[in-house]
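Raw coords-v5.csv, CSV, C-alpha atoms:
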chain,number,residue,atom,x,y,z
A,1461,MET,CA,14.2,67.9,-9.6
A,1462,GLN,CA,13.6,66.9,-13.2
A,1463,LEU,CA,13.8,63.3,-14.3
A,1464,LYS,CA,15.1,62.1,-17.6
A,1465,ALA,CA,12.7,59.2,-17.7
A,1466,PRO,CA,11.3,56.7,-15.2
A,1467,GLY,CA,14.0,54.7,-13.7
A,1468,GLU,CA,16.8,56.9,-15.0
A,1469,THR,CA,19.2,59.2,-13.2
A,1470,PRO,CA,17.7,62.6,-12.5
A,1471,ILE,CA,18.9,65.7,-14.2
A,1472,CYS,CA,19.2,68.6,-11.7
A,1473,GLU,CA,21.6,71.1,-10.2
A,1474,GLU,CA,23.4,70.9,-6.9
A,1475,PRO,CA,21.0,73.2,-4.9
A,1476,ASP,CA,18.1,70.8,-5.8
A,1477,ILE,CA,20.0,68.1,-3.9
A,1478,TYR,CA,21.2,69.8,-0.8
A,1479,ASN,CA,18.0,71.8,-0.3
A,1480,SER,CA,16.0,68.6,-0.4
A,1481,GLU,CA,18.2,66.8,2.1
A,1482,LEU,CA,19.3,69.4,4.6
A,1483,LYS,CA,17.8,72.2,6.7
A,1484,LEU,CA,20.4,75.0,6.5
A,1485,ASP,CA,18.6,77.8,8.2
A,1486,GLY,CA,20.3,78.8,11.5
A,1487,CYS,CA,23.4,76.8,10.6
A,1488,ASN,CA,27.1,77.6,10.7
A,1489,ILE,CA,28.3,76.3,7.3
A,1490,LEU,CA,31.7,75.6,5.8
A,1491,ASP,CA,32.1,75.5,2.0
A,1492,LEU,CA,35.5,73.8,1.9
A,1493,GLY,CA,37.4,74.2,-1.4
A,1494,CYS,CA,34.8,76.7,-2.5
A,1495,GLY,CA,36.4,77.6,-5.9
A,1496,ASP,CA,34.6,80.7,-7.2
A,1497,GLY,CA,32.2,80.6,-4.3
A,1498,ARG,CA,29.1,80.1,-6.4
A,1499,HIS,CA,27.5,77.6,-4.0
A,1500,SER,CA,28.3,79.8,-1.0
A,1501,VAL,CA,26.7,82.8,-2.6
A,1502,THR,CA,23.6,80.8,-3.4
A,1503,MET,CA,23.3,79.4,0.1
A,1504,ALA,CA,23.9,82.8,1.7
A,1505,GLY,CA,21.1,84.4,-0.4
A,1506,GLU,CA,18.5,81.9,0.6
A,1507,GLY,CA,16.8,81.1,3.9
A,1508,THR,CA,17.5,82.8,7.3
A,1509,GLY,CA,20.1,82.7,10.0
A,1510,ARG,CA,22.8,81.2,7.9
A,1511,THR,CA,26.5,82.0,8.5
A,1512,ILE,CA,28.8,80.7,5.7
A,1513,THR,CA,32.6,80.5,5.6
A,1514,ALA,CA,33.9,79.8,2.0
A,1515,MET,CA,37.4,78.5,2.2
A,1516,GLU,CA,39.8,78.3,-0.7
A,1517,ILE,CA,43.5,77.3,-0.9
A,1518,ASP,CA,44.2,78.8,-4.3
A,1519,LYS,CA,45.3,82.4,-3.6
A,1520,VAL,CA,44.6,83.6,-7.1
A,1521,GLN,CA,41.0,82.4,-6.9
A,1522,LEU,CA,40.6,83.6,-3.4
A,1523,ALA,CA,41.8,87.1,-4.4
A,1524,LYS,CA,39.1,87.2,-7.1
A,1525,ASN,CA,36.5,86.1,-4.6
A,1526,LEU,CA,37.5,88.8,-2.1
A,1527,GLN,CA,37.0,91.4,-4.8
A,1528,THR,CA,33.4,90.5,-5.4
A,1529,GLN,CA,30.4,91.9,-3.6
A,1530,THR,CA,29.2,89.3,-1.2
A,1531,PRO,CA,26.3,89.0,1.3
A,1532,ASP,CA,27.0,90.0,4.9
A,1533,ASN,CA,26.6,86.4,6.1
A,1534,LEU,CA,29.3,85.1,3.8
A,1535,THR,CA,33.0,85.3,4.6
A,1536,TYR,CA,35.8,84.2,2.2
A,1537,LYS,CA,38.9,82.8,3.9
A,1538,TYR,CA,42.2,81.1,3.0
A,1539,GLY,CA,42.5,77.5,4.2
A,1540,SER,CA,43.5,74.0,3.3
A,1541,ALA,CA,41.2,70.9,3.7
A,1542,ALA,CA,44.1,69.2,5.4
A,1543,GLU,CA,44.6,71.9,7.9
A,1544,ILE,CA,41.3,73.8,8.4
A,1545,PRO,CA,41.8,77.1,10.4
A,1546,ALA,CA,38.7,76.6,12.6
A,1547,ASP,CA,38.0,75.4,16.2
A,1548,ASP,CA,36.8,71.9,17.0
A,1549,ALA,CA,33.1,71.3,16.7
A,1550,SER,CA,32.4,74.8,15.1
A,1551,PHE,CA,30.3,73.9,12.1
A,1552,ASP,CA,26.8,72.4,11.6
A,1553,VAL,CA,27.5,71.4,8.0
A,1554,VAL,CA,30.6,71.0,5.9
A,1555,PHE,CA,30.3,71.0,2.1
A,1556,MET,CA,32.9,69.7,-0.3
A,1557,PHE,CA,31.5,70.3,-3.8
A,1558,ARG,CA,33.8,68.3,-6.2
A,1559,SER,CA,36.8,69.3,-4.1
A,1560,MET,CA,37.9,66.1,-2.3
A,1561,HIS,CA,39.5,64.7,-5.4
A,1562,HIS,CA,41.6,67.9,-5.7
A,1563,VAL,CA,43.2,67.2,-2.3
A,1564,PRO,CA,46.6,65.6,-2.8
A,1565,LEU,CA,46.4,61.8,-2.4
A,1566,GLU,CA,48.7,61.8,0.6
A,1567,LEU,CA,46.5,64.4,2.4
A,1568,MET,CA,43.0,63.0,1.8
A,1569,ALA,CA,42.9,61.0,5.0
A,1570,LYS,CA,44.0,64.1,6.9
A,1571,ALA,CA,41.4,66.2,5.2
A,1572,MET,CA,38.7,63.8,6.3
A,1573,ASN,CA,40.0,63.9,9.9
A,1574,GLU,CA,39.8,67.7,9.7
A,1575,VAL,CA,36.2,67.6,8.4
A,1576,HIS,CA,35.3,65.4,11.3
A,1577,ARG,CA,37.1,67.6,13.8
A,1578,VAL,CA,35.4,70.9,12.9
A,1579,LEU,CA,31.9,69.4,12.7
A,1580,LYS,CA,29.7,69.5,15.7
A,1581,PRO,CA,28.4,66.2,17.0
A,1582,GLY,CA,25.5,65.2,14.8
A,1583,GLY,CA,26.6,67.6,12.2
A,1584,TYR,CA,26.6,66.8,8.4
A,1585,ALA,CA,29.3,66.4,5.9
A,1586,TYR,CA,28.1,66.7,2.3
A,1587,PHE,CA,30.4,65.5,-0.5
A,1588,THR,CA,29.8,65.7,-4.2
A,1589,GLU,CA,32.2,63.9,-6.5
A,1590,PRO,CA,32.0,63.5,-10.2
A,1591,VAL,CA,31.5,59.9,-11.3
A,1592,TYR,CA,34.3,58.7,-13.6
A,1593,ASP,CA,32.0,58.0,-16.6
A,1594,GLY,CA,30.4,59.8,-19.5
A,1595,GLU,CA,31.3,61.7,-22.6
A,1596,LEU,CA,33.0,64.7,-20.8
A,1597,ASP,CA,35.4,62.3,-19.1
A,1598,GLU,CA,36.4,61.0,-22.5
A,1599,ILE,CA,37.7,64.5,-23.3
A,1600,TRP,CA,39.1,65.2,-19.8
A,1601,ARG,CA,41.3,62.1,-19.8
A,1602,ILE,CA,43.2,63.3,-22.9
A,1603,PHE,CA,44.8,66.1,-20.9
A,1604,HIS,CA,44.1,65.2,-17.2
A,1605,ASP,CA,43.0,61.7,-16.2
A,1606,GLU,CA,41.3,62.0,-12.8
A,1607,LYS,CA,40.5,58.3,-12.3
A,1608,GLN,CA,43.0,57.7,-9.5
A,1609,MET,CA,42.1,60.8,-7.6
A,1610,ARG,CA,38.3,60.2,-7.8
A,1611,GLU,CA,38.6,56.6,-6.7
A,1612,ALA,CA,40.8,57.7,-3.8
A,1613,ALA,CA,38.3,60.4,-2.8
A,1614,PHE,CA,35.5,57.9,-2.7
A,1615,ALA,CA,37.7,55.4,-0.7
A,1616,THR,CA,38.4,58.2,1.8
A,1617,ILE,CA,34.8,59.0,2.3
A,1618,LYS,CA,33.8,55.4,2.5
A,1619,GLY,CA,36.6,54.7,5.0
A,1620,ALA,CA,35.3,57.4,7.4
A,1621,VAL,CA,32.0,55.5,7.5
A,1622,ASP,CA,33.5,52.1,7.8
A,1623,ASP,CA,35.7,53.1,10.8
A,1624,GLY,CA,32.6,54.5,12.6
A,1625,ARG,CA,33.4,58.2,12.6
A,1626,PHE,CA,30.4,58.9,10.4
A,1627,ALA,CA,27.1,57.3,9.5
A,1628,LEU,CA,26.0,57.3,5.8
A,1629,VAL,CA,22.7,59.1,5.7
A,1630,LYS,CA,22.2,58.9,2.0
A,1631,GLN,CA,23.9,58.4,-1.3
A,1632,ILE,CA,22.4,60.1,-4.4
A,1633,PHE,CA,23.3,59.9,-8.0
A,1634,TYR,CA,22.3,62.7,-10.4
A,1635,ASN,CA,23.4,64.3,-13.7
A,1636,ASN,CA,23.9,67.9,-14.4
A,1637,HIS,CA,23.6,69.5,-17.8
A,1638,ARG,CA,26.3,71.7,-19.2
A,1639,LEU,CA,26.3,73.6,-22.5
A,1640,TYR,CA,29.5,75.0,-24.0
A,1641,ARG,CA,28.9,77.3,-27.0
A,1642,ASN,CA,32.3,76.7,-28.5
A,1643,PHE,CA,35.7,75.2,-27.8
A,1644,GLU,CA,37.1,78.5,-26.4
A,1645,ARG,CA,34.4,78.5,-23.8
A,1646,PHE,CA,35.2,74.9,-22.9
A,1647,LYS,CA,38.9,75.6,-22.7
A,1648,GLN,CA,38.4,78.7,-20.5
A,1649,THR,CA,36.1,76.7,-18.1
A,1650,PHE,CA,38.4,73.7,-17.7
A,1651,MET,CA,41.9,74.6,-18.8
A,1652,GLY,CA,42.2,78.2,-17.7
A,1653,LEU,CA,41.9,77.8,-13.9
A,1654,SER,CA,44.6,79.1,-11.7
A,1655,TYR,CA,44.5,76.0,-9.5
A,1656,ASN,CA,44.8,73.6,-12.4
A,1657,ASP,CA,48.1,73.9,-14.3
A,1658,TYR,CA,48.0,71.1,-16.9
A,1659,ASN,CA,50.9,72.3,-19.1
A,1660,VAL,CA,48.9,71.2,-22.2
A,1661,THR,CA,51.0,71.0,-25.4
A,1662,ASP,CA,49.7,72.2,-28.8
A,1663,GLU,CA,49.4,68.6,-29.9
A,1664,VAL,CA,47.3,67.6,-26.9
A,1665,LEU,CA,45.2,70.7,-27.2
A,1666,ALA,CA,44.4,69.8,-30.8
A,1667,LYS,CA,43.3,66.3,-29.7
A,1668,VAL,CA,41.1,67.8,-27.1
A,1669,LYS,CA,39.5,70.2,-29.5
A,1670,ALA,CA,38.9,67.5,-32.1
A,1671,LYS,CA,37.2,65.3,-29.5
A,1672,PHE,CA,35.1,68.3,-28.2
A,1673,GLU,CA,33.9,69.2,-31.7
A,1674,GLN,CA,32.5,65.7,-32.2
A,1675,HIS,CA,29.8,66.9,-29.8
A,1676,LEU,CA,29.0,70.2,-31.4
A,1677,GLN,CA,25.4,71.0,-32.4
A,1678,GLU,CA,23.9,74.2,-33.7
A,1679,ASP,CA,23.8,75.7,-30.2
A,1680,GLY,CA,27.0,74.2,-28.9
A,1681,ALA,CA,28.1,71.0,-27.2
A,1682,HIS,CA,25.8,69.4,-24.6
A,1683,PHE,CA,27.0,67.2,-21.8
A,1684,TYR,CA,25.3,65.3,-19.0
A,1685,ASN,CA,27.8,64.9,-16.2
A,1686,PRO,CA,27.2,62.0,-13.7
A,1687,ASN,CA,27.7,62.9,-10.0
A,1688,ARG,CA,27.5,61.2,-6.7
A,1689,VAL,CA,26.5,62.8,-3.4
A,1690,ASP,CA,27.5,61.2,-0.1
A,1691,LEU,CA,25.7,62.7,2.9
A,1692,LEU,CA,27.3,61.7,6.2
A,1693,GLN,CA,26.5,62.5,9.8
A,1694,LYS,CA,29.2,62.8,12.5
A,1695,LEU,CA,28.7,60.2,15.2

Will you turn the file into structure tokens for me?
Amino acid sequence: MQLKAPGETPICEEPDIYNSELKLDGCNILDLGCGDGRHSVTMAGEGTGRTITAMEIDKVQLAKNLQTQTPDNLTYKYGSAAEIPADDASFDVVFMFRSMHHVPLELMAKAMNEVHRVLKPGGYAYFTEPVYDGELDEIWRIFHDEKQMREAAFATIKGAVDDGRFALVKQIFYNNHRLYRNFERFKQTFMGLSYNDYNVTDEVLAKVKAKFEQHLQEDGAHFYNPNRVDLLQKL
């Protein structure tokens, strides 16, 4: 884990965090809301004795995942966080990498209940959520303001600790670095996803582009995105 400077938030990537906090070998793991499955692929390719289910509700993205070559210990599956197709107490660890805030507001509490249900007693729930702060959010809010969803996601996670279902093991803040070579790359990454239909008008797109280009340097636009990890243990 690389530090910016003494006392400042570390700059690192997600595997640096979960590998330092969890022992995943021999575990049955659920990556819930897996997106393109990048974290599942990474976890499946490391360690020993890991069985990973990568679950995604977006059928377009899931179809893409199923067409990729994957390790034998990784299975892609259709499923919703609010209705997980799995038995009670069947997973040692459940990961939600920046996916709780994508759950509809009215279903977040149900999704948290489902995470609790499918975890074994003593199992871990690992949530990463983007902190609503920073230069990238200044661009995001022009076409998709996530403030309400992110606050609701954190309240849902906190509520599961407050009501005694989970113990808070650790809360970690970190930044990850992202470089976008040009606006087309940025647009493809954030505005071209099948599970995000923002219906952006030409006028809004022009505003987004203008804001993005304020950050351009010779090699592209650099952003340091703040994130919060809540590591919980089922009681």

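Shell of segment 1671-1676 of chain A at 7 Å, with all atoms listed in the file counted and residues fewer than 5 places along the chain excluded, is Ile1599, Phe1643 and Ala1681 of chain A.
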
Worksheet item: Which of these residues is nearest to Thr1649 of chain A, using all atoms listed in the file: A:Asp1496, A:Lys1570, A:Asp1547, A:Ala1585?
Response: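 Distance minimum relative to Thr1649 of chain A lands on A:Asp1496.
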
Need the shell around Tyr1586 of chain A: protein/DNA/RNA residues with any atom at most 10 Å away, counting all atoms listed in the file. Skip same-chain ones fewer than 2 positions apart. Format as a PDB file with C-alpha atoms, in the coordinates of the input?
ATOM      1  CA  TYR A1478      21.200  69.800  -0.800  1.00  0.00           C
ATOM      2  CA  GLU A1481      18.200  66.800   2.100  1.00  0.00           C
ATOM      3  CA  LEU A1482      19.300  69.400   4.600  1.00  0.00           C
ATOM      4  CA  ASP A1491      32.100  75.500   2.000  1.00  0.00           C
ATOM      5  CA  VAL A1553      27.500  71.400   8.000  1.00  0.00           C
ATOM      6  CA  VAL A1554      30.600  71.000   5.900  1.00  0.00           C
ATOM      7  CA  PHE A1555      30.300  71.000   2.100  1.00  0.00           C
ATOM      8  CA  MET A1556      32.900  69.700  -0.300  1.00  0.00           C
ATOM      9  CA  PHE A1557      31.500  70.300  -3.800  1.00  0.00           C
ATOM     10  CA  TYR A1584      26.600  66.800   8.400  1.00  0.00           C
ATOM     11  CA  THR A1588      29.800  65.700  -4.200  1.00  0.00           C
ATOM     12  CA  VAL A1629      22.700  59.100   5.700  1.00  0.00           C
ATOM     13  CA  LYS A1630      22.200  58.900   2.000  1.00  0.00           C
ATOM     14  CA  GLN A1631      23.900  58.400  -1.300  1.00  0.00           C
ATOM     15  CA  VAL A1689      26.500  62.800  -3.400  1.00  0.00           C
ATOM     16  CA  ASP A1690      27.500  61.200  -0.100  1.00  0.00           C
ATOM     17  CA  LEU A1691      25.700  62.700   2.900  1.00  0.00           C
ATOM     18  CA  LEU A1692      27.300  61.700   6.200  1.00  0.00           C
ATOM     19  CA  GLN A1693      26.500  62.500   9.800  1.00  0.00           C
TER      20      GLN A1693
END

Fill in: Near-Tyr1538 of chain A list (7 Å; all atoms listed in the file; drop same-chain fewer than 5 positions) as a PyMOL selection string
chain A and resi 1515-1517

Those same residues, written as a CSV table (one decimal), in the coordinates of the input with C-alpha atoms?
chain,number,residue,atom,x,y,z
A,1515,MET,CA,37.4,78.5,2.2
A,1516,GLU,CA,39.8,78.3,-0.7
A,1517,ILE,CA,43.5,77.3,-0.9

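Considering the residues A:Leu1665, A:Ala1670, A:Leu1695, A:Val1660 and counting only C-alpha atoms, Ala1627 of chain A has its shortest atom-to-atom contact with A:Leu1695.
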
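For the pair atom CA of Lys1483 of chain A and atom CA of Thr1508 of chain A, the interatomic distance is 10.6 Å.
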
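Counting all atoms listed in the file, the residue from A:Ser1550, A:Asn1479, A:Thr1661, A:Thr1528 that sits nearest to Thr1513 of chain A is A:Ser1550.
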
Practice prompt. For each of A:Asp1622, A:Asp1548, A:Glu1589, A:Glu1474, take the minimum atom-to-atom distance to Arg1688 of chain A, counting all atoms listed in the file, then give the residue where this is smallest.
Written response: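 Checking each of A:Asp1622, A:Asp1548, A:Glu1589, A:Glu1474 against Arg1688 of chain A, counting all atoms listed in the file, the winner is A:Glu1589.
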
His1637 of chain A environment, 7 Å, all atoms listed in the file, sequence neighbours closer than 2 positions dropped, as a compact mmCIF listing (two decimals) with C-alpha atoms, keeping the file's coordinate frame:
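And here's out-v6.txt as it stands now:
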# COMPACT_ATOMS: atom_id res chain seq x y z
CA ASN A 1635 23.40 64.30 -13.70
CA LEU A 1639 26.30 73.60 -22.50
CA PHE A 1683 27.00 67.20 -21.80
CA TYR A 1684 25.30 65.30 -19.00
CA ASN A 1685 27.80 64.90 -16.20

Discussion item. Could you tell me how far atom CA of Pro1564 of chain A sits from atom CA of His1604 of chain A, in Å to one decimal place?
Written reply: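 Distance reported for this atom pair: 14.6 Å.
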